$ cat final-v9.txt   # compact mmCIF, C-alpha atoms
# COMPACT_ATOMS: atom_id res chain seq x y z
CA MET A 1410 -192.78 129.28 -83.01
CA PRO A 1411 -195.54 126.71 -82.33
CA HIS A 1412 -199.09 127.48 -83.39
CA PRO A 1413 -200.68 129.29 -80.41
CA VAL A 1414 -204.13 127.67 -80.77
CA ILE A 1415 -205.19 124.06 -80.22
CA ASN A 1416 -208.63 122.56 -79.60
CA LEU A 1417 -209.28 119.90 -76.98
CA ASP A 1418 -210.63 117.60 -79.70
CA GLN A 1419 -207.19 117.62 -81.34
CA LEU A 1420 -205.52 116.07 -78.28
CA THR A 1421 -204.83 112.38 -77.76
CA PRO A 1422 -204.20 111.66 -74.08
CA GLN A 1423 -201.53 108.99 -73.50
CA ASP A 1424 -200.63 106.69 -70.63
CA MET A 1425 -197.72 107.89 -68.54
CA PRO A 1426 -194.26 106.93 -69.83
CA PRO A 1427 -193.13 103.60 -68.30
CA GLN A 1428 -190.48 105.23 -66.09
CA TYR A 1429 -193.20 107.35 -64.37
CA ALA A 1430 -196.18 104.98 -64.58
CA PRO A 1431 -197.63 103.45 -61.41
CA THR A 1432 -196.73 99.82 -60.73
CA GLY A 1433 -197.98 97.07 -58.44
CA ALA A 1434 -201.00 97.87 -56.28
CA ALA A 1435 -200.72 101.58 -57.17
CA ALA A 1436 -201.53 100.75 -60.81
CA GLU A 1437 -205.02 99.69 -59.68
CA ARG A 1438 -205.79 103.15 -58.21
CA PHE A 1439 -203.75 105.50 -60.41
CA ALA A 1440 -204.22 105.55 -64.19
CA PRO A 1441 -204.01 109.04 -65.71
CA ARG A 1442 -203.97 109.57 -69.43
CA ILE A 1443 -202.37 112.90 -70.23
CA ALA A 1444 -202.08 115.15 -73.27
CA MET A 1445 -199.36 117.75 -72.83
CA ILE A 1446 -200.49 121.12 -74.17
CA GLY A 1447 -198.13 123.82 -72.90
CA GLU A 1448 -195.17 123.26 -75.17
CA LEU A 1449 -197.45 122.49 -78.15
CA ILE A 1450 -198.81 126.03 -78.08
CA GLY A 1451 -195.58 127.78 -77.03
CA MET A 1452 -196.08 128.24 -73.28
CA ARG A 1453 -192.86 128.81 -71.34
CA ALA A 1454 -193.61 129.92 -67.78
CA LEU A 1455 -196.78 127.84 -67.44
CA GLY A 1456 -197.45 124.16 -67.90
CA CYS A 1457 -200.76 122.89 -69.22
CA ASN A 1458 -202.18 119.44 -69.85
CA LEU A 1459 -205.45 117.62 -70.31
CA THR A 1460 -205.79 114.79 -67.80
CA VAL A 1461 -208.32 112.00 -68.33
CA LEU A 1462 -209.37 109.58 -65.58
CA ALA A 1463 -211.53 106.48 -65.83
CA PRO A 1464 -214.13 105.92 -63.09
CA GLY A 1465 -212.56 105.11 -59.71
CA LYS A 1466 -209.08 106.30 -60.76
CA ARG A 1467 -206.79 109.02 -59.48
CA ALA A 1468 -204.11 110.84 -61.44
CA PHE A 1469 -201.49 111.30 -58.73
CA PRO A 1470 -200.98 110.66 -55.01
CA PHE A 1471 -202.22 113.25 -52.49
CA HIS A 1472 -199.49 115.91 -52.65
CA ASN A 1473 -198.58 119.56 -52.11
CA HIS A 1474 -196.13 121.76 -53.97
CA ARG A 1475 -193.79 124.06 -52.05
CA VAL A 1476 -192.99 126.23 -55.11
CA ASN A 1477 -195.49 125.88 -57.96
CA GLU A 1478 -199.19 126.51 -57.91
CA GLU A 1479 -201.83 124.77 -59.96
CA VAL A 1480 -205.34 125.38 -61.20
CA PHE A 1481 -207.71 122.68 -62.45
CA ILE A 1482 -210.65 123.25 -64.78
CA VAL A 1483 -213.14 120.39 -65.12
CA VAL A 1484 -214.21 120.08 -68.77
CA GLN A 1485 -216.18 116.82 -68.54
CA GLY A 1486 -217.49 114.46 -65.88
CA CYS A 1487 -217.54 114.62 -62.12
CA GLY A 1488 -215.40 113.59 -59.20
CA THR A 1489 -213.97 114.67 -55.89
CA ILE A 1490 -210.95 116.74 -54.94
CA ARG A 1491 -209.22 116.36 -51.61
CA ILE A 1492 -207.61 119.58 -50.40
CA GLY A 1493 -205.94 119.43 -47.01
CA ALA A 1494 -208.36 117.75 -44.60
CA ALA A 1495 -211.47 118.51 -46.70
CA SER A 1496 -213.07 116.96 -49.79
CA TYR A 1497 -215.16 118.79 -52.38
CA PRO A 1498 -217.37 117.53 -55.20
CA LEU A 1499 -216.30 118.40 -58.75
CA ARG A 1500 -218.39 118.79 -61.88
CA GLN A 1501 -218.06 120.21 -65.37
CA GLY A 1502 -217.21 123.91 -65.25
CA ASP A 1503 -215.57 123.88 -61.81
CA ILE A 1504 -212.29 125.74 -61.37
CA VAL A 1505 -210.03 124.74 -58.47
CA ALA A 1506 -207.08 126.72 -57.10
CA CYS A 1507 -204.20 124.82 -55.50
CA PRO A 1508 -201.60 127.35 -54.33
CA ALA A 1509 -198.11 126.40 -53.24
CA GLY A 1510 -197.78 125.74 -49.55
CA GLY A 1511 -197.68 123.14 -46.82
CA GLN A 1512 -199.78 120.06 -46.28
CA GLU A 1513 -202.91 122.18 -45.88
CA THR A 1514 -202.68 122.75 -49.66
CA ALA A 1515 -202.17 119.05 -50.51
CA HIS A 1516 -204.57 117.93 -53.22
CA GLN A 1517 -205.74 114.92 -55.20
CA ILE A 1518 -208.45 114.52 -57.82
CA ILE A 1519 -210.45 111.28 -57.85
CA ASN A 1520 -212.99 110.25 -60.47
CA THR A 1521 -215.97 109.27 -58.31
CA GLY A 1522 -218.37 109.46 -61.26
CA GLU A 1523 -219.57 106.80 -63.66
CA GLY A 1524 -217.99 108.26 -66.83
CA GLU A 1525 -214.63 109.74 -67.79
CA LEU A 1526 -213.40 112.76 -65.86
CA ARG A 1527 -211.47 115.26 -68.02
CA TYR A 1528 -209.77 118.33 -66.63
CA LEU A 1529 -207.23 120.91 -67.66
CA ALA A 1530 -204.28 121.27 -65.28
CA LEU A 1531 -202.30 124.50 -65.45
CA SER A 1532 -199.28 125.26 -63.29
CA THR A 1533 -196.34 127.54 -62.91
CA ASN A 1534 -193.03 125.98 -64.03
CA GLN A 1535 -190.57 127.17 -61.41
CA SER A 1536 -187.54 125.03 -60.68
CA PRO A 1537 -186.36 123.54 -58.43
CA GLU A 1538 -189.57 122.23 -56.91
CA VAL A 1539 -190.23 120.30 -53.70
CA VAL A 1540 -193.34 118.13 -53.46
CA GLU A 1541 -194.61 116.44 -50.28
CA PHE A 1542 -196.86 113.35 -50.13
CA PRO A 1543 -198.69 113.44 -46.77
CA ASP A 1544 -200.37 110.02 -47.12
CA SER A 1545 -197.07 108.17 -47.57
CA GLY A 1546 -194.66 110.50 -45.75
CA LYS A 1547 -192.52 111.00 -48.86
CA TYR A 1548 -191.08 114.02 -50.62
CA ALA A 1549 -189.71 114.63 -54.09
CA THR A 1550 -187.32 117.21 -55.43
CA LEU A 1551 -187.61 118.07 -59.11
CA LEU A 1552 -185.05 119.93 -61.15
CA LEU A 1553 -186.35 120.96 -64.55
CA ASP A 1554 -184.13 121.73 -67.50
CA ALA A 1555 -183.90 125.51 -67.73
CA GLY A 1556 -185.06 125.52 -71.35
CA GLY A 1557 -187.23 122.43 -71.36
CA GLY A 1558 -190.30 123.38 -69.38
CA ALA A 1559 -192.50 120.96 -67.48
CA ASN A 1560 -192.13 118.17 -70.02
CA THR A 1561 -188.42 117.79 -69.33
CA LEU A 1562 -187.42 116.14 -66.09
CA PRO A 1563 -183.67 115.53 -65.99
CA GLN A 1564 -183.54 115.02 -62.22
CA ARG A 1565 -186.07 113.67 -59.76
CA THR A 1566 -185.29 112.46 -56.25
CA VAL A 1567 -187.88 110.77 -54.04
CA GLY A 1568 -187.33 109.91 -50.37
CA HIS A 1569 -189.03 109.63 -47.01
CA ILE A 1570 -189.45 112.79 -44.95
CA GLY A 1571 -186.95 112.85 -42.07
CA GLN A 1572 -184.51 110.45 -43.71
CA SER A 1573 -181.41 111.68 -45.44
CA VAL A 1574 -177.78 110.78 -45.99
CA ASP A 1575 -174.89 112.64 -44.40
CA TYR A 1576 -173.56 115.55 -46.47
CA TRP A 1577 -170.09 113.97 -46.51
CA GLU A 1578 -171.20 110.39 -47.32
CA GLY A 1579 -169.26 109.01 -50.25
CA GLU A 1580 -166.88 111.96 -50.52
$ encode --input "final-v9.txt" --output "structure tokens"
Amino acid sequence: MPHPVINLDQLTPQDMPPQYAPTGAAAERFAPRIAMIGELIGMRALGCNLTVLAPGKRAFPFHNHRVNEEVFIVVQGCGTIRIGAASYPLRQGDIVACPAGGQETAHQIINTGEGELRYLALSTNQSPEVVEFPDSGKYATLLLDAGGGANTLPQRTVGHIGQSVDYWEGE
């Protein structure tokens, strides 16, 4: 059993693994550094990480989850969160709920401050998951390994909403 206690000062946020890191023009806007916490302290049904953003950066595209819900807790810095059609300022101590749902629950955190923005991200770990990206008209389906939690991602499919292949194609 992992040790159930860890302090934020013990974490070393890392760039995203190359297979998930932004490329091209997206790399100029998106640059999260993440320290995975959940599995380190033995969480199973919840995921938890510390996300760190440099000024002007975003962690992920504007998106909504159809299955899992998230909560964000700002531990340092300031920024903005987009939720649906609205934007809200963020500062240290703020707690933000992002329930599962349609595009009205889509969210994105942006560091609009002058220093680092650090926040805890907690989420349920239900699988399969469907994520929509309203700005780009894409969707993703995620199938997590039953025993691996949020850090294991054996299958991810990304496509454009409204486009699909025929069920019998290739059979």
$ closest_residue --input "final-v9.txt" --among "A:Pro1411, A:Ala1495, A:Leu1553, A:Glu1578" --to "Gly1451 of chain A" --atoms "all atoms listed in the file"
A:Pro1411
$ atom_distance --input "final-v9.txt" --atom1 "atom CA of Gln1517 of chain A" --atom2 "atom CA of Leu1455 of chain A"
19.9 Å
$ atom_distance --input "final-v9.txt" --atom1 "atom CA of Ile1519 of chain A" --atom2 "atom CA of Pro1470 of chain A"
9.9 Å
$ closest_atom_pairs --input "final-v9.txt" --of "segment 1467-1521 of chain A" --to "segment 1532-1544 of chain A" --cutoff "12 Å" --atoms "only C-alpha atoms" --output "JSON lines"
{"residue": "A:Phe1469", "atom": "CA", "partner": "A:Phe1542", "partner_atom": "CA", "distance": 10.0}
{"residue": "A:Pro1470", "atom": "CA", "partner": "A:Phe1542", "partner_atom": "CA", "distance": 6.9}
{"residue": "A:Phe1471", "atom": "CA", "partner": "A:Phe1542", "partner_atom": "CA", "distance": 5.9}
{"residue": "A:His1472", "atom": "CA", "partner": "A:Phe1542", "partner_atom": "CA", "distance": 4.5}
{"residue": "A:Asn1473", "atom": "CA", "partner": "A:Glu1541", "partner_atom": "CA", "distance": 5.4}
{"residue": "A:His1474", "atom": "CA", "partner": "A:Val1540", "partner_atom": "CA", "distance": 4.6}
{"residue": "A:Arg1475", "atom": "CA", "partner": "A:Val1539", "partner_atom": "CA", "distance": 5.4}
{"residue": "A:Val1476", "atom": "CA", "partner": "A:Glu1538", "partner_atom": "CA", "distance": 5.6}
{"residue": "A:Asn1477", "atom": "CA", "partner": "A:Thr1533", "partner_atom": "CA", "distance": 5.3}
{"residue": "A:Glu1478", "atom": "CA", "partner": "A:Ser1532", "partner_atom": "CA", "distance": 5.5}
{"residue": "A:Glu1479", "atom": "CA", "partner": "A:Ser1532", "partner_atom": "CA", "distance": 4.2}
{"residue": "A:Val1480", "atom": "CA", "partner": "A:Ser1532", "partner_atom": "CA", "distance": 6.4}
{"residue": "A:Phe1481", "atom": "CA", "partner": "A:Ser1532", "partner_atom": "CA", "distance": 8.9}
{"residue": "A:Ile1482", "atom": "CA", "partner": "A:Ser1532", "partner_atom": "CA", "distance": 11.6}
{"residue": "A:Arg1491", "atom": "CA", "partner": "A:Asp1544", "partner_atom": "CA", "distance": 11.8}
{"residue": "A:Ile1492", "atom": "CA", "partner": "A:Pro1543", "partner_atom": "CA", "distance": 11.4}
{"residue": "A:Gly1493", "atom": "CA", "partner": "A:Pro1543", "partner_atom": "CA", "distance": 9.4}
{"residue": "A:Ala1494", "atom": "CA", "partner": "A:Pro1543", "partner_atom": "CA", "distance": 10.8}
{"residue": "A:Val1505", "atom": "CA", "partner": "A:Ser1532", "partner_atom": "CA", "distance": 11.8}
{"residue": "A:Ala1506", "atom": "CA", "partner": "A:Ser1532", "partner_atom": "CA", "distance": 10.1}
{"residue": "A:Cys1507", "atom": "CA", "partner": "A:Ser1532", "partner_atom": "CA", "distance": 9.2}
{"residue": "A:Pro1508", "atom": "CA", "partner": "A:Ser1532", "partner_atom": "CA", "distance": 9.5}
{"residue": "A:Ala1509", "atom": "CA", "partner": "A:Val1540", "partner_atom": "CA", "distance": 9.5}
{"residue": "A:Gly1510", "atom": "CA", "partner": "A:Val1540", "partner_atom": "CA", "distance": 9.6}
{"residue": "A:Gly1511", "atom": "CA", "partner": "A:Glu1541", "partner_atom": "CA", "distance": 8.1}
{"residue": "A:Gln1512", "atom": "CA", "partner": "A:Pro1543", "partner_atom": "CA", "distance": 6.7}
{"residue": "A:Glu1513", "atom": "CA", "partner": "A:Pro1543", "partner_atom": "CA", "distance": 9.7}
{"residue": "A:Thr1514", "atom": "CA", "partner": "A:Glu1541", "partner_atom": "CA", "distance": 10.3}
{"residue": "A:Ala1515", "atom": "CA", "partner": "A:Pro1543", "partner_atom": "CA", "distance": 7.6}
{"residue": "A:His1516", "atom": "CA", "partner": "A:Phe1542", "partner_atom": "CA", "distance": 9.5}
{"residue": "A:Gln1517", "atom": "CA", "partner": "A:Phe1542", "partner_atom": "CA", "distance": 10.3}
$ closest_residue --input "final-v9.txt" --among "A:Ala1436, A:Met1452, A:Val1414, A:Leu1552" --to "Lys1466 of chain A" --atoms "all atoms listed in the file"
A:Ala1436
$ closest_residue --input "final-v9.txt" --among "A:Pro1413, A:Gly1486, A:Gly1579, A:Pro1422" --to "Thr1521 of chain A" --atoms "all atoms listed in the file"
A:Gly1486
$ atom_distance --input "final-v9.txt" --atom1 "atom CA of Pro1441 of chain A" --atom2 "atom CA of Tyr1548 of chain A"
20.5 Å
$ closest_residue --input "final-v9.txt" --among "A:Gly1488, A:Pro1498, A:Gly1456, A:Gly1568" --to "Ser1545 of chain A" --atoms "all atoms listed in the file"
A:Gly1568
$ closest_residue --input "final-v9.txt" --among "A:His1412, A:Val1461, A:Gln1485, A:Gly1546" --to "Gly1571 of chain A" --atoms "all atoms listed in the file"
A:Gly1546
$ closest_residue --input "final-v9.txt" --among "A:Arg1565, A:Leu1551, A:Gln1423, A:Cys1487" --to "Asn1458 of chain A" --atoms "only C-alpha atoms"
A:Gln1423
